Structures are given as C-alpha cells and as structure tokens.
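K.L.:
Here it is, the structure in full.
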Amino acid sequence: NRLAAVIPAAGVGSRMQSEVPKQYLRLHNHTILEHSAAALRQFNPSLPLVIALGAEDSYFASTSLAADATVRTVVGGSERADSVLAALEALDPDQFDWVLVHDAARPLLHSADLKRLMDRCQQAGCGGILAAPVRDTMKRGGPHIEQTVDRDRLWHALTPQLFPLLLLKQALCAALADGVAVTDEASAMEWAGQPVLLVEGRSDNIKVTRPEDLALAAFYLETQQ
Ligand code: C5P
C-alpha cells in the first residue's frame with residue numbers, strides 16, 4: 001500500500017478555553033485525536049500514520065495511539081503548515097506516493113466521505129479535498145458591511161485532503177518560503193498551480209474549535225453510528 005496519513009495535532013487550541021488541548025478532550029471515552037485517527041483508518045486499520053505533536057505535549061503518551069507500532073510521531077511547528085511539513089518529512093517517498101492529511105480536531109469523518117474523496121482523486125489523477133457548500137449569506141467588511149459575497153461556488157474547506165506526497169512537500173516548502181498564508185494543504189497546491197478537486201462532504205465533519213462544538217460533536221457521534 002502506497003498511501004500514508006498525517007495528522008497535525010500540535011495546536012494549542014486557544015479558542016477552546018480549556019487547559020487540555022482540544023485534540024485531547026474526550027468524547028465517549030476516547031480522545032478526539034483517537035476518533036480522528038480511527039476515522040482515517042476505516043479501510044485500512046494499519047494505515048501508516050505520522051502525528052505531529054507539540055514540543056511540550058504531555059498527553060499523547062497516555063492515548064492508545066502511543067502503543068501502536070504503525071504510528072510515528074514528530075514534533076510540529078509554530079503554524080499548522082510547519083507541523084504538516086515536519087510530518088511529511090518523516091515519510092519515505094520511495095515507500096509512499098499519496099498522503100491524506102486530516103485535522104486532529106475532526107473526529108466525525110464518515111467512511112463514505114473518505115471513500116468518495118479517494119475514488120474521485122484516483123479517477124481524476126490529482127489531489128483533492130473534502131468541502132461543504134456555504135449555506136449562509138456571506139458578507140465582507142467590519143464593522144460595517146462592504147459587500148455581499150456571492151456564495152454560489154463558495155465552499156468550506158474540510159479535511160481529509162489527499163495529495164501526491166512529493167508534490168505536496170514541494171508546494172508547502174515553496175509556499176512557506178514565499179511567505180504565503182497556508183491554512184490548509186490545498187492552499188499551497190493552488191499557489192503552486194496544481195489542480196485540486198473539490199469533493200462534496202458532509203457538513204457535520206466539524207472541526208472542534210470552540211467550547212460549544214464539543215456538545216455538538218458528542219451529539220453527532222451518538223446519532224451517526
Ligand atoms: O488551529 P486549527 O484549528 O486551524 O488547527 C487545525 C489542526 O492543525 C489541529 O488538529 C491542530 O492541532 C493542528 N495544528 C498543528 N500545529 C500548529 C497549529 C495547529 O498541528 N502549529
């Protein structure tokens with residue numbers, strides 16, 4: 001198997017107002033990180049995983065992933081893209097062609113979405129991301145509205161994001177060196193002029209970011225199985 005996965009989990013989660021970083025908060029007896037990793041491994045329980053951790057991380061060691069021989073960890077960086085790049089460096093390009101990148105804080109990925117992403121990218125022969133169409137009317141401005149942004153063809157970028165390993169590494173390195181804002185892998189690939197597919201995914205694949213998201217994630221987890 002030439003696919004590996006990377007989970008950036010080095011964020012401190014300052015918006016969560018919690019001592020414990022959000023990826024280590026618990027939902028139904030497992031940490032959010034464990035749920036996110038399990039969701040990625042639905043089709044291959046031994047999918048090689050590289051997890052980027054904060055330099056001061058003191059929580060990972062007590063998760064079930066710590067004892068898993070198919071999981072490797074690296075120390076992440078100050079921005080998400082630095083953490084992803086550190087994890088990609090740990091993957092041997094002679095061994096892996098494609099890489100899935102999935103936020104540690106997205107525990108609700110459905111198998112049908114993951115499968116659709118992989119199938120569509122394989123068919124198209126290029127990378128792609130899960131994305132959800134924007135539902136609300138979008139405004140630009142503050143404090144006053146400057147403009148209503150046409151929401152037609154506007155999407156929320158979700159994860160996982162699936163790319164050829166070498167192309168993603170090159171794109172991230174070049175984009176970071178150029179000072180481009182890289183808030184997801186796709187933005188680096190777009191910047192490098194690479195095609196990226198938008199694959200529609202479920203909008204309940206939320207990133208647990210604010211305190212109120214935890215109850216919502218618990219509710220989705222109870223109702224989705
Ligand atoms: O902060 P944000 O919600 O965008 O983080 C998305 C994901 O990236 C989280 O899983 C977080 O742990 C990770 N991250 C990281 N390294 C950073 C910042 C965020 O691995 N420096």
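Residues in the structure tokens are named by chain (A, B, ... in the order shown) and by number from 1 within that chain; ligands are numbered from 1 in the order shown.
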At a cut-off of 9 Å, using only C-alpha atoms, what residues contact Ile32 (chain A)? Leave out same-chain residues fewer than 6 positions from it and give the result as a list in words.
P.N.:
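Returned residues: Lys22, Gln23, Tyr24, Leu25, Arg26, Ala104, Ala105, Arg106, Pro107 and Val208 of chain A.
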K.L.:
Give the strand (DSSP E or B) residues of chain A, as DSSP finds them on the backbone, and put them as a PyMOL selection string.
P.N.:
chain A and resi 3-9+26-27+30-31+49-53+71-75+98-101+127-133+138-141+145-149+155-164+196-200
K.L.:
So which one's closest to Gly76 (chain A), A:Met138, A:Ala157, A:Val6, A:Ala39? Using only C-alpha atoms, please.
P.N.:
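Counting only C-alpha atoms, the residue closest to Gly76 (chain A) is A:Val6.
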K.L.:
Can you list every residue of chain A that has an atom at most 6 Å from ligand 1, with its nearest atom pair and the distance in Å to one decimal, using only C-alpha atoms and all ligand atoms, ordered by chain then number, as JSON lines?
P.N.:
```
{"residue": "A:Pro8", "atom": "CA", "partner": "ligand 1", "partner_atom_place_in_ligand_line": "20 (O)", "distance": 3.5}
{"residue": "A:Ala9", "atom": "CA", "partner": "ligand 1", "partner_atom_place_in_ligand_line": "12 (O)", "distance": 3.4}
{"residue": "A:Ala10", "atom": "CA", "partner": "ligand 1", "partner_atom_place_in_ligand_line": "20 (O)", "distance": 3.5}
{"residue": "A:Gly11", "atom": "CA", "partner": "ligand 1", "partner_atom_place_in_ligand_line": "12 (O)", "distance": 3.5}
{"residue": "A:Gly13", "atom": "CA", "partner": "ligand 1", "partner_atom_place_in_ligand_line": "1 (O)", "distance": 6.0}
{"residue": "A:Ala52", "atom": "CA", "partner": "ligand 1", "partner_atom_place_in_ligand_line": "20 (O)", "distance": 5.8}
{"residue": "A:Gly76", "atom": "CA", "partner": "ligand 1", "partner_atom_place_in_ligand_line": "16 (N)", "distance": 5.7}
{"residue": "A:Gly77", "atom": "CA", "partner": "ligand 1", "partner_atom_place_in_ligand_line": "21 (N)", "distance": 5.1}
{"residue": "A:Ser78", "atom": "CA", "partner": "ligand 1", "partner_atom_place_in_ligand_line": "21 (N)", "distance": 4.0}
{"residue": "A:Glu79", "atom": "CA", "partner": "ligand 1", "partner_atom_place_in_ligand_line": "21 (N)", "distance": 3.5}
{"residue": "A:Arg80", "atom": "CA", "partner": "ligand 1", "partner_atom_place_in_ligand_line": "17 (C)", "distance": 3.7}
{"residue": "A:Ser83", "atom": "CA", "partner": "ligand 1", "partner_atom_place_in_ligand_line": "20 (O)", "distance": 4.9}
{"residue": "A:Asp103", "atom": "CA", "partner": "ligand 1", "partner_atom_place_in_ligand_line": "10 (O)", "distance": 4.0}
{"residue": "A:Ala104", "atom": "CA", "partner": "ligand 1", "partner_atom_place_in_ligand_line": "10 (O)", "distance": 3.7}
{"residue": "A:Ala105", "atom": "CA", "partner": "ligand 1", "partner_atom_place_in_ligand_line": "10 (O)", "distance": 4.6}
{"residue": "A:Thr209", "atom": "CA", "partner": "ligand 1", "partner_atom_place_in_ligand_line": "3 (O)", "distance": 5.9}
```
K.L.:
Output the selection as a tab-separated table (two decimals), in the first residue's frame - N, CA and C atoms for each residue.
P.N.:
```tsv
chain	number	residue	atom	x	y	z
A	8	PRO	N	-1.90	16.60	11.78
A	8	PRO	CA	-1.32	17.69	12.55
A	8	PRO	C	-2.09	17.82	13.87
A	9	ALA	N	-1.38	17.62	14.97
A	9	ALA	CA	-2.02	17.66	16.30
A	9	ALA	C	-1.16	18.47	17.25
A	10	ALA	N	-0.51	19.50	16.72
A	10	ALA	CA	0.42	20.28	17.53
A	10	ALA	C	-0.17	21.63	17.94
A	11	GLY	N	-1.47	21.80	17.68
A	11	GLY	CA	-2.10	23.08	18.03
A	11	GLY	C	-2.37	23.16	19.53
A	13	GLY	N	-4.94	25.11	20.65
A	13	GLY	CA	-6.40	25.24	20.80
A	13	GLY	C	-6.82	26.36	21.72
A	52	ALA	N	1.90	14.87	14.16
A	52	ALA	CA	2.75	15.97	14.62
A	52	ALA	C	2.24	16.46	15.97
A	76	GLY	N	5.86	19.07	15.93
A	76	GLY	CA	5.27	20.01	14.98
A	76	GLY	C	5.93	21.38	15.06
A	77	GLY	N	5.39	22.32	14.31
A	77	GLY	CA	5.97	23.67	14.27
A	77	GLY	C	4.99	24.71	14.75
A	78	SER	N	5.34	25.99	14.51
A	78	SER	CA	4.52	27.06	15.09
A	78	SER	C	3.21	27.26	14.34
A	79	GLU	N	3.18	26.94	13.05
A	79	GLU	CA	1.93	27.02	12.28
A	79	GLU	C	1.54	25.63	11.82
A	80	ARG	N	0.27	25.47	11.47
A	80	ARG	CA	-0.21	24.17	11.02
A	80	ARG	C	0.64	23.63	9.87
A	83	SER	N	3.80	22.07	10.94
A	83	SER	CA	3.57	20.75	11.54
A	83	SER	C	3.35	19.70	10.46
A	103	ASP	N	-7.13	16.85	10.07
A	103	ASP	CA	-7.03	17.57	11.34
A	103	ASP	C	-7.28	16.64	12.52
A	104	ALA	N	-6.44	16.78	13.53
A	104	ALA	CA	-6.65	16.01	14.77
A	104	ALA	C	-8.01	16.34	15.39
A	105	ALA	N	-8.51	17.52	15.11
A	105	ALA	CA	-9.72	18.00	15.77
A	105	ALA	C	-10.99	17.73	14.96
A	209	THR	N	-13.55	23.41	17.67
A	209	THR	CA	-12.75	24.63	17.82
A	209	THR	C	-13.14	25.42	19.06
```
K.L.:
Name the closest residue to Val182 (chain A) among the candidates A:Ala218, A:Leu117, A:Leu197, A:Leu85; distances are taken between atoms, counting only C-alpha atoms.
P.N.:
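Once distances to Val182 (chain A) are computed over only C-alpha atoms, the minimum belongs to A:Leu85.
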K.L.:
Considering only C-alpha atoms, state which residue in the set A:Ser14, A:Asn44, A:Gln224, A:Ser36 is at the smallest distance from Lys207 (chain A).
P.N.:
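For Lys207 (chain A), the nearest of the given residues is A:Ser36.
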